[in-house]
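Asks: My structure is stored as final.csv, with CSV, C-alpha atoms.
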```csv
chain,number,residue,atom,x,y,z
T,1,MET,CA,63.1,42.7,-13.0
T,2,MET,CA,63.7,44.2,-16.4
T,3,THR,CA,61.9,42.5,-19.3
T,4,ILE,CA,63.0,42.3,-22.9
T,5,ASP,CA,59.8,44.1,-24.1
T,6,LYS,CA,60.5,47.1,-21.9
T,7,PHE,CA,64.2,47.4,-22.9
T,8,ASN,CA,65.3,49.6,-25.8
T,9,PHE,CA,68.5,48.2,-27.3
T,10,ALA,CA,69.1,51.2,-29.6
T,11,GLY,CA,72.8,52.1,-29.6
T,12,LYS,CA,73.6,49.2,-27.2
T,13,LYS,CA,75.7,46.1,-27.5
T,14,ALA,CA,73.8,43.1,-26.2
T,15,ILE,CA,75.5,39.8,-25.4
T,16,VAL,CA,72.9,37.0,-25.6
T,17,ARG,CA,73.3,33.4,-24.3
T,18,VAL,CA,71.5,31.1,-26.7
T,19,ASP,CA,71.4,27.3,-27.1
T,20,PHE,CA,72.8,26.6,-30.5
T,21,ASN,CA,73.8,23.1,-29.5
T,22,VAL,CA,72.2,21.8,-32.7
T,23,PRO,CA,72.7,18.3,-34.1
T,24,LEU,CA,75.0,18.0,-37.1
T,25,ASP,CA,75.6,15.3,-39.6
T,26,GLU,CA,79.0,13.9,-40.6
T,27,ASN,CA,79.5,16.8,-43.0
T,28,GLY,CA,78.8,19.4,-40.3
T,29,LYS,CA,75.4,20.2,-41.7
T,30,ILE,CA,72.6,21.0,-39.3
T,31,THR,CA,69.9,18.3,-39.2
T,32,ASP,CA,67.5,20.1,-36.9
T,33,ASP,CA,67.5,23.9,-36.5
T,34,THR,CA,64.7,24.1,-33.9
T,35,ARG,CA,67.0,25.7,-31.3
T,36,ILE,CA,68.2,28.4,-33.7
T,37,ARG,CA,64.6,29.2,-34.8
T,38,GLY,CA,63.6,29.3,-31.1
T,39,ALA,CA,66.1,32.1,-30.4
T,40,LEU,CA,65.1,34.3,-33.4
T,41,PRO,CA,62.4,36.4,-31.7
T,42,THR,CA,64.9,37.7,-29.1
T,43,LEU,CA,67.7,38.2,-31.6
T,44,LYS,CA,65.5,40.0,-34.0
T,45,LYS,CA,64.1,42.3,-31.3
T,46,ILE,CA,67.6,43.5,-30.5
T,47,LEU,CA,68.4,44.2,-34.1
T,48,ALA,CA,65.1,45.9,-34.8
T,49,ASP,CA,65.6,48.2,-31.9
T,50,GLY,CA,69.0,49.3,-33.5
T,51,GLY,CA,71.2,47.3,-31.2
T,52,ALA,CA,74.4,45.4,-32.0
T,53,LEU,CA,74.3,41.6,-31.2
T,54,ILE,CA,76.9,39.3,-29.7
T,55,ILE,CA,75.7,35.7,-29.6
T,56,MET,CA,77.3,33.1,-27.4
T,57,SER,CA,76.6,29.4,-27.0
T,58,HIS,CA,78.1,26.0,-26.3
T,59,MET,CA,78.1,23.0,-28.6
T,60,GLY,CA,78.6,19.4,-27.5
T,61,LYS,CA,81.0,18.4,-24.7
T,62,PRO,CA,84.6,19.3,-25.7
T,63,LYS,CA,85.6,19.3,-22.1
T,64,GLY,CA,87.6,22.5,-22.0
T,65,LYS,CA,89.6,21.7,-25.2
T,66,VAL,CA,89.4,23.1,-28.7
T,67,ASN,CA,87.8,20.5,-31.0
T,68,ALA,CA,86.9,21.4,-34.6
T,69,LYS,CA,84.0,18.9,-34.4
T,70,TYR,CA,82.3,21.2,-32.0
T,71,SER,CA,83.1,24.5,-33.6
T,72,LEU,CA,80.2,27.0,-33.9
T,73,SER,CA,81.7,28.2,-37.2
T,74,GLN,CA,79.6,25.4,-38.6
T,75,VAL,CA,76.3,27.3,-37.8
T,76,VAL,CA,77.4,30.7,-39.0
T,77,ASP,CA,75.7,30.4,-42.5
T,78,ALA,CA,72.5,29.1,-41.0
T,79,VAL,CA,72.2,31.8,-38.4
T,80,SER,CA,73.0,34.5,-41.1
T,81,GLU,CA,70.2,33.1,-43.3
T,82,LYS,CA,67.7,33.0,-40.5
T,83,LEU,CA,68.5,36.5,-39.2
T,84,GLY,CA,68.8,38.0,-42.7
T,85,VAL,CA,72.1,39.6,-41.6
T,86,LYS,CA,75.7,38.5,-42.3
T,87,VAL,CA,77.0,37.0,-39.1
T,88,GLN,CA,80.7,37.7,-38.2
T,89,PHE,CA,82.6,35.0,-36.3
T,90,ALA,CA,85.1,35.3,-33.4
T,91,PRO,CA,87.3,32.2,-33.4
T,92,ASP,CA,88.2,32.6,-29.7
T,93,CYS,CA,85.3,33.6,-27.4
T,94,ALA,CA,87.8,34.9,-24.7
T,95,LYS,CA,89.7,37.1,-27.2
T,96,ALA,CA,86.9,38.9,-29.0
T,97,SER,CA,87.1,42.4,-27.4
T,98,ASP,CA,88.3,44.0,-30.6
T,99,ALA,CA,85.6,42.4,-32.8
T,100,ALA,CA,83.0,43.3,-30.2
T,101,ALA,CA,84.2,46.9,-29.9
T,102,ALA,CA,84.0,47.3,-33.7
T,103,LEU,CA,80.4,46.2,-33.9
T,104,LYS,CA,78.0,48.8,-35.3
T,105,PRO,CA,74.2,48.9,-34.7
T,106,GLY,CA,72.5,46.1,-36.7
T,107,GLU,CA,75.7,44.0,-36.9
T,108,VAL,CA,76.0,40.5,-35.4
T,109,LEU,CA,79.0,38.6,-33.9
T,110,LEU,CA,78.9,34.9,-33.0
T,111,LEU,CA,81.5,33.8,-30.5
T,112,GLU,CA,83.3,30.4,-30.7
T,113,ASN,CA,82.1,27.5,-28.5
T,114,LEU,CA,82.2,28.6,-24.8
T,115,ARG,CA,83.1,25.1,-23.7
T,116,PHE,CA,86.5,25.2,-25.4
T,117,TYR,CA,87.4,26.9,-22.1
T,118,GLY,CA,87.0,24.8,-18.9
T,119,GLU,CA,86.2,28.1,-17.2
T,120,GLU,CA,82.8,28.1,-18.8
T,121,GLU,CA,81.6,25.1,-16.7
T,122,GLY,CA,83.9,25.9,-13.8
T,123,LYS,CA,85.3,22.3,-13.7
T,124,PRO,CA,88.9,21.4,-13.5
T,125,VAL,CA,90.1,19.9,-16.8
T,126,GLY,CA,92.2,16.8,-17.0
T,127,ILE,CA,92.0,15.9,-13.3
T,128,ASP,CA,90.0,13.1,-11.8
T,129,LYS,CA,87.5,13.8,-8.9
T,130,GLU,CA,89.3,11.1,-6.8
T,131,ASP,CA,92.6,12.9,-7.1
T,132,PRO,CA,93.6,14.5,-3.8
T,133,ALA,CA,94.4,17.7,-5.7
T,134,TYR,CA,90.9,18.0,-7.2
T,135,ASP,CA,89.4,20.2,-4.5
T,136,ALA,CA,92.2,22.8,-4.8
T,137,ALA,CA,92.0,22.7,-8.6
T,138,LYS,CA,88.2,23.2,-8.4
T,139,LYS,CA,88.6,26.2,-6.2
T,140,GLU,CA,91.2,27.7,-8.6
T,141,MET,CA,88.9,27.0,-11.6
T,142,LYS,CA,85.9,28.8,-9.9
T,143,ALA,CA,88.1,31.9,-9.5
T,144,LYS,CA,89.0,31.6,-13.2
T,145,GLN,CA,85.4,31.2,-14.0
T,146,LYS,CA,84.6,34.6,-12.6
T,147,ASP,CA,87.4,36.2,-14.7
T,148,PHE,CA,86.1,34.4,-17.8
T,149,ALA,CA,82.6,35.7,-17.1
T,150,LYS,CA,83.9,39.2,-16.6
T,151,THR,CA,85.7,39.1,-19.9
T,152,LEU,CA,82.5,38.0,-21.7
T,153,ALA,CA,80.5,40.8,-19.9
T,154,SER,CA,83.1,43.4,-21.0
T,155,TYR,CA,82.0,43.0,-24.6
T,156,ALA,CA,78.5,44.4,-24.1
T,157,ASP,CA,76.3,47.0,-22.4
T,158,CYS,CA,73.5,44.5,-21.5
T,159,TYR,CA,73.0,40.7,-21.1
T,160,VAL,CA,70.1,38.5,-22.2
T,161,ASN,CA,69.8,34.9,-21.3
T,162,ASP,CA,67.6,32.9,-23.8
T,163,ALA,CA,69.1,29.4,-23.2
T,164,PHE,CA,66.6,27.6,-21.1
T,165,GLY,CA,68.3,24.2,-21.9
T,166,THR,CA,71.3,25.3,-19.8
T,167,ALA,CA,69.4,27.3,-17.1
T,168,HIS,CA,70.0,24.6,-14.5
T,169,ARG,CA,73.7,25.0,-14.8
T,170,LYS,CA,75.7,27.7,-12.9
T,171,HIS,CA,78.1,28.3,-15.8
T,172,ALA,CA,80.0,31.5,-16.6
T,173,SER,CA,77.7,32.4,-19.5
T,174,THR,CA,74.4,31.3,-17.9
T,175,ALA,CA,74.7,32.7,-14.4
T,176,VAL,CA,78.0,34.1,-13.3
T,177,ILE,CA,78.1,36.8,-16.1
T,178,ALA,CA,74.9,38.3,-14.7
T,179,ASP,CA,76.8,39.6,-11.7
T,180,TYR,CA,78.6,42.1,-14.0
T,181,PHE,CA,75.4,43.8,-15.1
T,182,ASP,CA,73.0,45.9,-12.9
T,183,ALA,CA,69.3,44.9,-12.6
T,184,ASP,CA,68.2,47.3,-15.4
T,185,ASN,CA,70.7,45.8,-17.9
T,186,LYS,CA,70.1,42.0,-17.7
T,187,MET,CA,66.9,40.1,-18.6
T,188,LEU,CA,65.4,36.9,-19.9
T,189,GLY,CA,64.9,36.4,-23.6
T,190,TYR,CA,61.5,35.6,-25.1
T,191,LEU,CA,62.1,31.8,-25.1
T,192,MET,CA,63.2,31.8,-21.4
T,193,GLU,CA,60.2,33.9,-20.4
T,194,LYS,CA,57.9,31.4,-22.1
T,195,GLU,CA,59.6,28.5,-20.4
T,196,VAL,CA,59.5,30.0,-17.0
T,197,ASN,CA,55.9,31.1,-17.4
T,198,ALA,CA,54.9,27.6,-18.6
T,199,ILE,CA,56.4,25.9,-15.6
T,200,ASP,CA,54.8,28.5,-13.3
T,201,ASN,CA,51.5,27.7,-14.9
T,202,VAL,CA,51.7,24.0,-13.8
T,203,LEU,CA,53.5,24.4,-10.5
T,204,LYS,CA,52.1,27.6,-9.1
T,205,ASN,CA,48.9,28.4,-11.0
T,206,ALA,CA,47.5,25.0,-11.9
T,207,LYS,CA,43.8,24.6,-12.4
T,208,HIS,CA,42.4,21.3,-11.0
T,209,PRO,CA,42.1,18.5,-11.7
T,210,PHE,CA,45.8,18.5,-12.3
T,211,THR,CA,47.3,15.4,-13.9
T,212,ALA,CA,51.0,14.5,-14.3
T,213,ILE,CA,52.1,11.8,-16.7
T,214,ILE,CA,55.6,10.6,-15.9
T,215,GLY,CA,57.2,8.0,-18.1
T,216,GLY,CA,60.7,6.9,-19.1
T,217,SER,CA,62.9,4.0,-18.2
T,218,LYS,CA,64.1,4.6,-14.7
T,219,VAL,CA,62.5,5.6,-11.3
T,220,SER,CA,65.9,6.9,-10.2
T,221,SER,CA,65.9,9.7,-12.9
T,222,LYS,CA,62.4,10.9,-11.9
T,223,LEU,CA,62.0,10.1,-8.2
T,224,ALA,CA,62.6,13.7,-7.0
T,225,VAL,CA,60.1,14.9,-9.6
T,226,ILE,CA,57.5,12.4,-8.5
T,227,LYS,CA,57.9,13.3,-4.8
T,228,ASN,CA,57.5,17.0,-5.5
T,229,LEU,CA,54.4,16.5,-7.7
T,230,LEU,CA,52.6,14.5,-5.0
T,231,ASP,CA,51.9,17.7,-3.2
T,232,LYS,CA,50.5,19.4,-6.3
T,233,VAL,CA,48.6,16.9,-8.5
T,234,ASP,CA,45.3,15.2,-8.3
T,235,ASN,CA,46.3,12.3,-10.6
T,236,LEU,CA,49.7,10.8,-11.2
T,237,ILE,CA,50.1,8.5,-14.1
T,238,ILE,CA,53.3,6.4,-14.1
T,239,GLY,CA,54.2,4.6,-17.3
T,240,GLY,CA,57.1,3.3,-19.3
T,241,GLY,CA,59.9,1.2,-17.9
T,242,MET,CA,59.8,2.8,-14.5
T,243,GLY,CA,56.4,1.4,-13.8
T,244,PHE,CA,57.8,-2.1,-13.4
T,245,THR,CA,59.7,-1.2,-10.3
T,246,PHE,CA,56.4,-0.2,-8.7
T,247,ILE,CA,54.7,-3.5,-9.9
T,248,LYS,CA,57.5,-5.7,-8.6
T,249,ALA,CA,57.6,-3.8,-5.3
T,250,GLN,CA,53.9,-4.9,-4.8
T,251,GLY,CA,54.7,-8.5,-5.5
T,252,GLY,CA,54.1,-8.6,-9.2
T,253,LYS,CA,55.9,-11.0,-11.6
T,254,ILE,CA,57.5,-8.8,-14.3
T,255,GLY,CA,59.5,-11.3,-16.3
T,256,ASP,CA,62.6,-9.7,-17.8
T,257,SER,CA,61.2,-6.2,-17.7
T,258,LEU,CA,63.4,-3.3,-16.9
T,259,HIS,CA,63.4,-2.4,-13.1
T,260,GLU,CA,65.5,-1.1,-10.2
T,261,ASP,CA,65.4,-3.4,-7.2
T,262,ASP,CA,67.1,-0.9,-5.0
T,263,LEU,CA,64.3,1.6,-5.7
T,264,MET,CA,61.5,-0.7,-4.7
T,265,PRO,CA,61.3,0.7,-1.1
T,266,GLU,CA,61.0,4.2,-2.6
T,267,ALA,CA,58.3,3.0,-5.0
T,268,LEU,CA,56.3,1.7,-2.0
T,269,ASN,CA,56.8,5.0,-0.2
T,270,VAL,CA,55.4,6.8,-3.2
T,271,ILE,CA,52.4,4.6,-3.3
T,272,ALA,CA,51.8,5.2,0.4
T,273,ALA,CA,52.3,8.9,0.1
T,274,ALA,CA,49.9,9.1,-2.8
T,275,LYS,CA,47.2,7.3,-0.8
T,276,GLU,CA,47.9,9.6,2.2
T,277,LYS,CA,47.6,12.7,0.2
T,278,GLY,CA,44.6,11.6,-1.8
T,279,VAL,CA,46.4,11.5,-5.1
T,280,ASN,CA,45.1,9.0,-7.7
T,281,LEU,CA,48.2,7.0,-8.7
T,282,SER,CA,47.5,5.1,-11.9
T,283,LEU,CA,49.9,2.4,-13.1
T,284,SER,CA,49.5,0.1,-16.1
T,285,VAL,CA,47.0,-2.8,-15.7
T,286,ALA,CA,48.4,-4.7,-18.7
T,287,THR,CA,51.4,-4.4,-21.0
T,288,VAL,CA,52.4,-5.2,-24.6
T,289,ALA,CA,55.3,-7.6,-23.9
T,290,GLY,CA,58.1,-8.6,-26.2
T,291,ASP,CA,60.3,-11.7,-26.1
T,292,LYS,CA,63.4,-9.6,-26.8
T,293,PHE,CA,64.4,-5.9,-26.6
T,294,ALA,CA,64.0,-5.3,-30.4
T,295,ASN,CA,61.5,-3.8,-32.8
T,296,ASP,CA,60.9,-7.2,-34.4
T,297,ALA,CA,60.2,-9.0,-31.1
T,298,ASN,CA,57.2,-11.3,-30.9
T,299,ARG,CA,54.4,-9.5,-29.0
T,300,GLN,CA,51.6,-10.4,-26.6
T,301,THR,CA,49.4,-8.5,-24.2
T,302,VAL,CA,49.7,-9.7,-20.7
T,303,ASP,CA,48.5,-8.8,-17.2
T,304,ILE,CA,51.0,-6.4,-15.7
T,305,TYR,CA,51.4,-8.5,-12.6
T,306,ASN,CA,52.0,-11.7,-14.5
T,307,ILE,CA,54.5,-11.2,-17.2
T,308,PRO,CA,56.0,-14.6,-18.3
T,309,ASP,CA,59.7,-15.3,-17.8
T,310,GLY,CA,61.7,-14.5,-21.0
T,311,TRP,CA,59.3,-11.6,-21.8
T,312,GLU,CA,59.5,-7.9,-21.0
T,313,GLY,CA,57.0,-5.1,-20.9
T,314,MET,CA,57.5,-2.8,-23.9
T,315,ASP,CA,54.4,-0.7,-24.4
T,316,ALA,CA,51.2,0.4,-22.7
T,317,SER,CA,48.2,-1.9,-23.4
T,318,ASP,CA,44.9,-0.7,-24.8
T,319,GLU,CA,43.3,-1.3,-21.4
T,320,SER,CA,45.9,0.9,-19.6
T,321,LEU,CA,45.5,3.6,-22.3
T,322,ALA,CA,41.7,3.6,-21.9
T,323,ASN,CA,42.1,4.2,-18.1
T,324,TRP,CA,44.6,7.0,-18.8
T,325,LYS,CA,42.5,8.6,-21.5
T,326,GLU,CA,39.6,9.0,-19.0
T,327,ILE,CA,41.9,10.7,-16.5
T,328,ILE,CA,43.5,13.0,-19.0
T,329,MET,CA,40.2,14.1,-20.6
T,330,GLN,CA,38.9,15.2,-17.2
T,331,SER,CA,42.0,17.3,-16.4
T,332,LYS,CA,42.3,21.0,-16.5
T,333,THR,CA,46.2,21.1,-16.1
T,334,ILE,CA,48.4,18.4,-17.7
T,335,LEU,CA,52.1,17.9,-17.4
T,336,TRP,CA,53.7,15.2,-19.5
T,337,ASN,CA,57.3,14.1,-19.3
T,338,GLY,CA,58.6,10.7,-20.6
T,339,PRO,CA,57.3,7.9,-22.9
T,340,VAL,CA,55.0,5.1,-21.8
T,341,GLY,CA,56.7,2.5,-24.0
T,342,VAL,CA,59.9,1.9,-26.0
T,343,PHE,CA,59.2,4.8,-28.3
T,344,GLU,CA,62.3,4.4,-30.4
T,345,PHE,CA,60.9,1.0,-31.7
T,346,GLU,CA,58.0,1.7,-34.1
T,347,ASN,CA,56.2,-1.5,-33.0
T,348,PHE,CA,56.2,-0.3,-29.4
T,349,ALA,CA,55.5,3.4,-29.9
T,350,HIS,CA,51.7,3.1,-30.0
T,351,GLY,CA,51.1,3.9,-26.4
T,352,THR,CA,53.2,7.1,-26.4
T,353,GLY,CA,51.6,8.3,-29.6
T,354,GLU,CA,48.1,7.8,-28.0
T,355,ILE,CA,49.1,9.8,-24.9
T,356,ALA,CA,50.2,12.6,-27.3
T,357,LYS,CA,46.7,12.5,-28.9
T,358,TYR,CA,44.9,12.5,-25.6
T,359,VAL,CA,46.9,15.5,-24.2
T,360,ALA,CA,46.2,17.4,-27.5
T,361,GLU,CA,42.5,16.5,-27.4
T,362,ALA,CA,42.1,17.6,-23.7
T,363,THR,CA,43.8,20.9,-24.6
T,364,GLN,CA,41.8,21.6,-27.8
T,365,LYS,CA,38.4,20.3,-26.7
T,366,ASN,CA,38.3,20.8,-23.0
T,367,GLY,CA,40.6,23.9,-22.6
T,368,ALA,CA,43.2,22.2,-20.4
T,369,TYR,CA,46.6,23.8,-20.0
T,370,SER,CA,49.2,21.2,-21.2
T,371,LEU,CA,53.0,21.3,-20.8
T,372,VAL,CA,55.0,18.7,-22.7
T,373,GLY,CA,58.8,18.2,-22.0
T,374,GLY,CA,61.4,15.5,-22.4
T,375,GLY,CA,63.0,14.2,-25.6
T,376,ASP,CA,60.5,11.3,-26.4
T,377,SER,CA,57.4,13.2,-25.3
T,378,VAL,CA,58.4,16.2,-27.5
T,379,ALA,CA,59.3,13.8,-30.4
T,380,ALA,CA,55.8,12.2,-30.1
T,381,VAL,CA,53.9,15.5,-30.3
T,382,ASN,CA,56.1,16.5,-33.2
T,383,LYS,CA,55.8,13.1,-35.0
T,384,PHE,CA,52.0,13.3,-35.0
T,385,GLY,CA,51.9,17.1,-35.8
T,386,LEU,CA,50.4,17.9,-32.4
T,387,ALA,CA,53.0,20.5,-31.2
T,388,ASP,CA,50.7,23.3,-31.9
T,389,LYS,CA,47.8,21.5,-30.3
T,390,VAL,CA,49.2,21.5,-26.8
T,391,SER,CA,49.7,24.6,-24.7
T,392,TYR,CA,53.5,24.5,-24.5
T,393,VAL,CA,56.4,22.3,-25.6
T,394,SER,CA,59.5,22.8,-23.5
T,395,THR,CA,62.9,22.9,-25.1
T,396,GLY,CA,64.9,22.2,-22.0
T,397,GLY,CA,64.7,18.6,-20.7
T,398,GLY,CA,67.1,18.7,-17.8
T,399,ALA,CA,66.2,22.3,-16.8
T,400,MET,CA,62.5,21.5,-16.9
T,401,LEU,CA,63.0,18.4,-14.7
T,402,GLU,CA,64.9,20.3,-12.1
T,403,ALA,CA,62.3,23.1,-12.1
T,404,ILE,CA,59.6,20.5,-11.5
T,405,GLU,CA,61.7,19.0,-8.7
T,406,GLY,CA,61.3,22.4,-7.1
T,407,LYS,CA,65.0,23.4,-7.5
T,408,THR,CA,66.0,26.9,-8.2
T,409,LEU,CA,67.4,27.4,-11.7
T,410,PRO,CA,70.7,29.4,-11.5
T,411,GLY,CA,70.2,30.9,-15.0
T,412,VAL,CA,66.8,32.3,-13.9
T,413,ALA,CA,67.8,33.3,-10.4
T,414,ALA,CA,70.8,35.3,-11.7
T,415,ILE,CA,68.5,37.5,-13.7
T,416,LYS,CA,65.8,37.8,-11.1
T,417,GLY,CA,68.3,38.5,-8.3
T,418,GLU,CA,67.1,35.6,-6.2
```
Just give me the structure of the file as structure tokens.
Replies:
Amino acid sequence: MMTIDKFNFAGKKAIVRVDFNVPLDENGKITDDTRIRGALPTLKKILADGGALIIMSHMGKPKGKVNAKYSLSQVVDAVSEKLGVKVQFAPDCAKASDAAAALKPGEVLLLENLRFYGEEEGKPVGIDKEDPAYDAAKKEMKAKQKDFAKTLASYADCYVNDAFGTAHRKHASTAVIADYFDADNKMLGYLMEKEVNAIDNVLKNAKHPFTAIIGGSKVSSKLAVIKNLLDKVDNLIIGGGMGFTFIKAQGGKIGDSLHEDDLMPEALNVIAAAKEKGVNLSLSVATVAGDKFANDANRQTVDIYNIPDGWEGMDASDESLANWKEIIMQSKTILWNGPVGVFEFENFAHGTGEIAKYVAEATQKNGAYSLVGGGDSVAAVNKFGLADKVSYVSTGGGAMLEAIEGKTLPGVAAIKGE
């Protein structure tokens, strides 16, 4: 497989898939440019080599229709500033052949939002899945998707995918386009390489003891992840709202706590499988409960199996955190995805903040390898200034989860030829 370090972009036009799906305020101003900054090493390498740069991305969910709210014209100035090069803009990503052909070495062209075309995602636009004509429309759209990808590929001599956040989608710009470049002219960008290597470090090359901390609100969203990890980890910490499904499944009284009754049999299966495989499954022993789902709720710490009616578990207790700290500090590999409390409420964010500190401490003091991913987990390490104290912070929540589930990521497989 070709790597970006080995490739010389001198005199070449490179089309690069990035993730510039950045948050904007009501005036179209960027409120967090993390994703743009993340792509800079790849983009600057191409320009430094003497290549011409064509950048493509999606923004939001315009569902195959032009929508000014999601126009990438809003990020042109920011990208120009970060690159130190005036960025040209193509107002139609599928009709940019002249602009691409005119590019000279060192010049940059940003294409308009790929998702203004339904062909990008390969989904029929304006037709319901229940419609009898949907299957035929989907087949037709898949053919159009190939044509769309071929058009994008025609702009350049080589292709670089640096958008890990969309690597789990088989879209025209993330996977299909790779078919139109030979193995020596397609590669992963620096950010993608880091993400893939980080996941390999925990799933294929983990040092033991290996601990996974899985939090969040629902078992249903993480069940496949948990099942796959049971064959790899020594310790599995389950926190957050999903933990209450496990507690209720074992006969606990959970008051008004979030849970999924239909997932209780699966929770019991996970508990049995962990025991069979020798995995230490650690749940909360007590919780900080609130009398309503709000930041200003009254609080009390109660036994996890005896939460009073009218109260709901909202954060991990000090006793639970002490148990988890002991496990984390003994670990050599740590994977953390998901909060252990209602992190969006300041009064119930303590537990998630403490987990962030433990993971950082295990990394810095004990030499553990730590991978953090998922919105609230990433927010926690950033909030406490710990992002540079863990081994790697993943930028792609959905892509990271699917990789941890053991799924093949189309955006990676298309480059590797898998």
Asks: Scan for residues within 12 Å of the point (70.3, 19.0, -21.8) in the coordinates of the file, using all atoms listed in the file, and reply as a PyMOL selection string.
Replies: chain T and resi 19-22+58-61+163-169+373-375+394-402
Asks: To one decimal place in Å, what is the distance between atom CA of Glu81 of chain T and atom CA of Ile46 of chain T?
Replies: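 Pair atom CA of Glu81 of chain T / atom CA of Ile46 of chain T returns 16.7 Å.
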Asks: Determine, counting all atoms listed in the file, which protein, DNA and RNA residues have an atom within 7 Å of an atom of Ile415 of chain T; residues of the same chain fewer than 5 positions away are not included. Present the result as an MDAnalysis selection string.
Replies: chainID T and resid 178 186:188
Asks: What is the atom CA of Gly243 of chain T to atom CA of Ser391 of chain T distance in Å?
Replies: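 These two atoms are separated by 26.5 Å.
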Asks: Please provide the set of residues having any atom within 8 Å of His350 of chain T, restricted to all atoms listed in the file, with same-chain residues fewer than 3 positions apart removed, written as a list of chain:residue names.
Replies: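 That gives T:Asp315, T:Ala316, T:Gly341, T:Phe343, T:Glu346, T:Asn347, T:Gly353, T:Glu354.
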Asks: Excluding same-chain residues fewer than 5 positions from segment 256-273 of chain T, what lies within 10 Å of it counting only C-alpha atoms, as an NGL selection string?
Replies: :T and (217-220 or 223 or 226-227 or 230-231 or 240-250 or 278-282 or 289-293 or 307-314)
Asks: Could you check which of T:Ala68, T:Val288, T:Leu335, T:Leu109 is closest to Glu319 of chain T, using all atoms listed in the file?
Replies: T:Val288
Asks: Atom CA of Ile238 of chain T and atom CA of Leu191 of chain T are how many Å apart?
Replies: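 Atom CA of Ile238 of chain T sits 29.0 Å away from atom CA of Leu191 of chain T.
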Asks: Any idea what's packed within 10 Å of Phe181 of chain T, counting only C-alpha atoms, ignoring anything in its chain fewer than 6 positions away? Could you give it as number ranges by chain?
Replies: T: 150, 153-154, 156-159, 187, 415
Asks: Using all atoms listed in the file, find the one residue out of T:Arg115, T:Leu110, T:Lys45, T:Lys146 that sits nearest to Lys86 of chain T.
Replies: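 Closest to Lys86 of chain T of all the choices is T:Leu110.
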Asks: Which residues of segment 218-254 of chain T have any atom within 12 Å of an atom in segment 325-331 of chain T when counting only C-alpha atoms, and what is the closest pair of atoms for each, with the distance in Å to one decimal? Order the rows by chain and rising number and write it as JSON lines.
Replies:
```
{"residue": "T:Val233", "atom": "CA", "partner": "T:Ser331", "partner_atom": "CA", "distance": 10.3}
{"residue": "T:Asp234", "atom": "CA", "partner": "T:Ser331", "partner_atom": "CA", "distance": 9.0}
{"residue": "T:Asn235", "atom": "CA", "partner": "T:Ile327", "partner_atom": "CA", "distance": 7.5}
{"residue": "T:Leu236", "atom": "CA", "partner": "T:Ile327", "partner_atom": "CA", "distance": 9.4}
{"residue": "T:Ile237", "atom": "CA", "partner": "T:Ile327", "partner_atom": "CA", "distance": 8.8}
```
Asks: Here is a test: counting all atoms listed in the file, which residue of T:Ala133, T:Ala368, T:Met2, T:Ala10 is nearest to Lys104 of chain T?
Replies: T:Ala10
Asks: Rank T:Gly252, T:Gly50, T:Gly11, T:Pro23 by their smallest atom-to-atom distance to Tyr70 of chain T, using all atoms listed in the file, and report the top residue only.
Replies: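 Closest to Tyr70 of chain T, using all atoms listed in the file: T:Pro23.
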Asks: My list of candidates is T:Asn113, T:Ser97, T:Gln300, T:Thr34. Which is closest to Ser73 of chain T when distances are computed with all atoms listed in the file?
Replies: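 Nearest to Ser73 of chain T: T:Asn113.
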Asks: May I have the protein, DNA and RNA residues with any atom at most 6 Å from the point (68.0, 33.5, -35.0), counting all atoms listed in the file, written as a list in words?
Replies: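 Checked against the point, the hits come out as Ile36, Arg37, Ala39, Leu40, Leu43, Val79, Lys82 and Leu83 of chain T.
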Asks: Excluding same-chain residues fewer than 2 positions from Tyr392 of chain T, what lies within 7 Å of it counting only C-alpha atoms, as a list in words?
Replies: Ala198, Ser370, Leu371, Val372, Val390 and Ser394 of chain T
Asks: With C-alpha atoms kept, could you save the residues just selected as a JSON list (two decimals), in the frame of the given file?
Replies:
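part_10.json was written with the following content:
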```
[["chain", "number", "residue", "atom", "x", "y", "z"],
["T", 198, "ALA", "CA", 54.90, 27.60, -18.60],
["T", 370, "SER", "CA", 49.20, 21.20, -21.20],
["T", 371, "LEU", "CA", 53.00, 21.30, -20.80],
["T", 372, "VAL", "CA", 55.00, 18.70, -22.70],
["T", 390, "VAL", "CA", 49.20, 21.50, -26.80],
["T", 394, "SER", "CA", 59.50, 22.80, -23.50]]
```
Asks: Which residue is closest to Lys207 of chain T? Choose from T:Thr408, T:Thr333, T:Asn295, T:Thr352 and count all atoms listed in the file.
Replies: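 Nearest to Lys207 of chain T: T:Thr333.
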